[in-house]
Every structure is written in structure tokens, then in C-alpha cells.
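Remarks on the structure that follows.
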Amino acid sequence: MSKKNRRPHHHHERTEARRLALQVLYQSEMVEKAPSAILADKAYVAEEGVPSAYAERLLRGVEEHREEIDDQLRTASENWTLSRMPAVDRALLRMAACEMLYVDEVPLSVSINEAVELAKRFGGGDDSHRFVNGILGRIARGIEAEGAQAAEEELPSAVDLAAAAFARELAEEGEAPVAAGAAAMPQDAAEPAVSAEKPAPAAVSAEDAAQE
């Protein structure tokens, strides 16, 4: 097989998929037609290429999660409203945000870099690539912060770890484990245990008391 006919590298396939997805999203805004309808009718510009499975995944993701994606963009865009953005920049941001939020196998840095390159080629202004980079960077930091918080919440607390260690020690000594609260109580603060085998003191009769 000649180099000309070799299958392009996976990375380049997705780069091309993003370009075609951006084109369909932009077209969707211009004709006010859902991306899924454009795909179903094959109303995209065929000369530019047929959207691949990955391009369709991004397009359907944007359509399905449009509200959540736009909320993320509004939060990250600070002084910019979505309606003020150039249509192509808005479409690009939605596509990139969709990939960042809902495509786990693609690193956040890759999504941002690819979007910045597309903004350099097709952006609505000279500074589009900086604008896109800034917004997606803020979204990335939010995603990373949420991931760190979720990971921290899944870790056992110090109290849980101490109680588990105490229970293991008791099990090794052949004693029954106790509740975590009791395990944490200082020994001198706990009430002394009374042996069940110790006999109760006998009652003293009045006669014996008189003899004493």
C-alpha cells in the first residue's frame, strides 16, 4: 500500500472530525436546524467531507447536552454573553466543551489545543484563539477541581482508618471489635468493666451488723 493510500493516524482522524463537526454546528446556527437533522438529511457540504462517527458523536453530544454546555460557557466567559460571540466561535466552544465534559478518553489539554488551532483557522476574529483558550482553560480548571473533590470524598477519613486498625488489632487478639466511638475513647475515661464472674456482695443481716 502506498503512503498516499495509508489510513491516517488516529489523532489526525479526530482532528478532521472536529473540523467537520464545527462546520455542521456553524451550518446548524445559520439555517436554524438541529445538527441531527442536518446529518439525517445529509445536508452538510459533501465536498468538505462526510462527518465520521466521531464527528457525529460530538454533534449529537452538543445537541443532547446543549443546556449544560451553555451553562458552562456562560460561567467561564465572564463578561461575554453567548449571543455576543461570533457564531463560529460559539459553535467551536460548544463542540470543545462537549468533548471536555463528555468524552473521557480525550485529555483536556488535547481538546483545548485542537480548539485553539481551529480558532486560528476559522475563528470569527483575530483574537479568537486567545478568547477560546481562555474560556476552555477556565472550564478545564473547574473540571479538574470537581474531580479532585470527588476523589477526596471517596477516601476514608482518619477516624474510619483508626477504627478499622483498632478492630483489626482486637481481631488478632481474639477479642470482639467495638464501635468506633468506644474505640476512640481514652482508656481512663471509660467506665471500668465489671466481670460477670465476680459474685455480688452478700447481704449483711442486722445481727451480724450488731456483732461488728
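The chains in the C-alpha cells are called A, B, ... from first to last as shown; in each chain the residues are counted from 1, and the ligands are counted from 1 in the order shown.
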Excluding Arg94 of chain A and residues on its chain fewer than 6 positions from it, collect all residues at most 9 Å away from it, counting only C-alpha atoms, and give them as a ChimeraX atom specification.
/A:25,62,66,69-70,73
Contact residues around Ala97 of chain A with only C-alpha atoms at 10 Å, ignoring same-chain residues under 3 positions, as a VMD selection string:
chain A and resid 58 61 to 62 68 to 70 72 to 73 91 to 94 100 to 103 108 111 to 112 115 135 to 136 139 to 140
Can you check which residues of segment 18-181 of chain A DSSP gives as alpha helix (DSSP H) on the backbone and send them as a PyMOL selection string?
chain A and resi 18-31+35-41+53-64+66-76+87-102+108-122+128-154+158-172+180-181
Which residues come within 10 Å of Val88 of chain A, counting only C-alpha atoms, excluding same-chain residues fewer than 4 positions away, as a PyMOL selection string?
chain A and resi 22-23+25-27+29-30+92-94+119+122-125+128
Restricting the calculation to only C-alpha atoms: of A:His12, A:Arg60, A:Arg168, A:Arg138, which residue gets closest to Cys98 of chain A?
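Of all the options, A:Arg60 lies closest to Cys98 of chain A.
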What separation in Å, quoted to one decimal, exists between atom CA of Gly147 of chain A and atom CA of Thr75 of chain A?
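Between atom CA of Gly147 of chain A and atom CA of Thr75 of chain A the gap works out to 18.0 Å.
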Using only C-alpha atoms, which residue out of A:Phe131, A:Tyr54, A:Trp80, A:Tyr44 lies closest to Met95 of chain A?
A:Tyr54
Which residue out of A:Ala145, A:Leu39, A:Val132, A:Ala171 has the minimum interatomic distance to Pro86 of chain A when only C-alpha atoms are used?
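Looking only at the distances to Pro86 of chain A, the closest residue turns out to be A:Val132.
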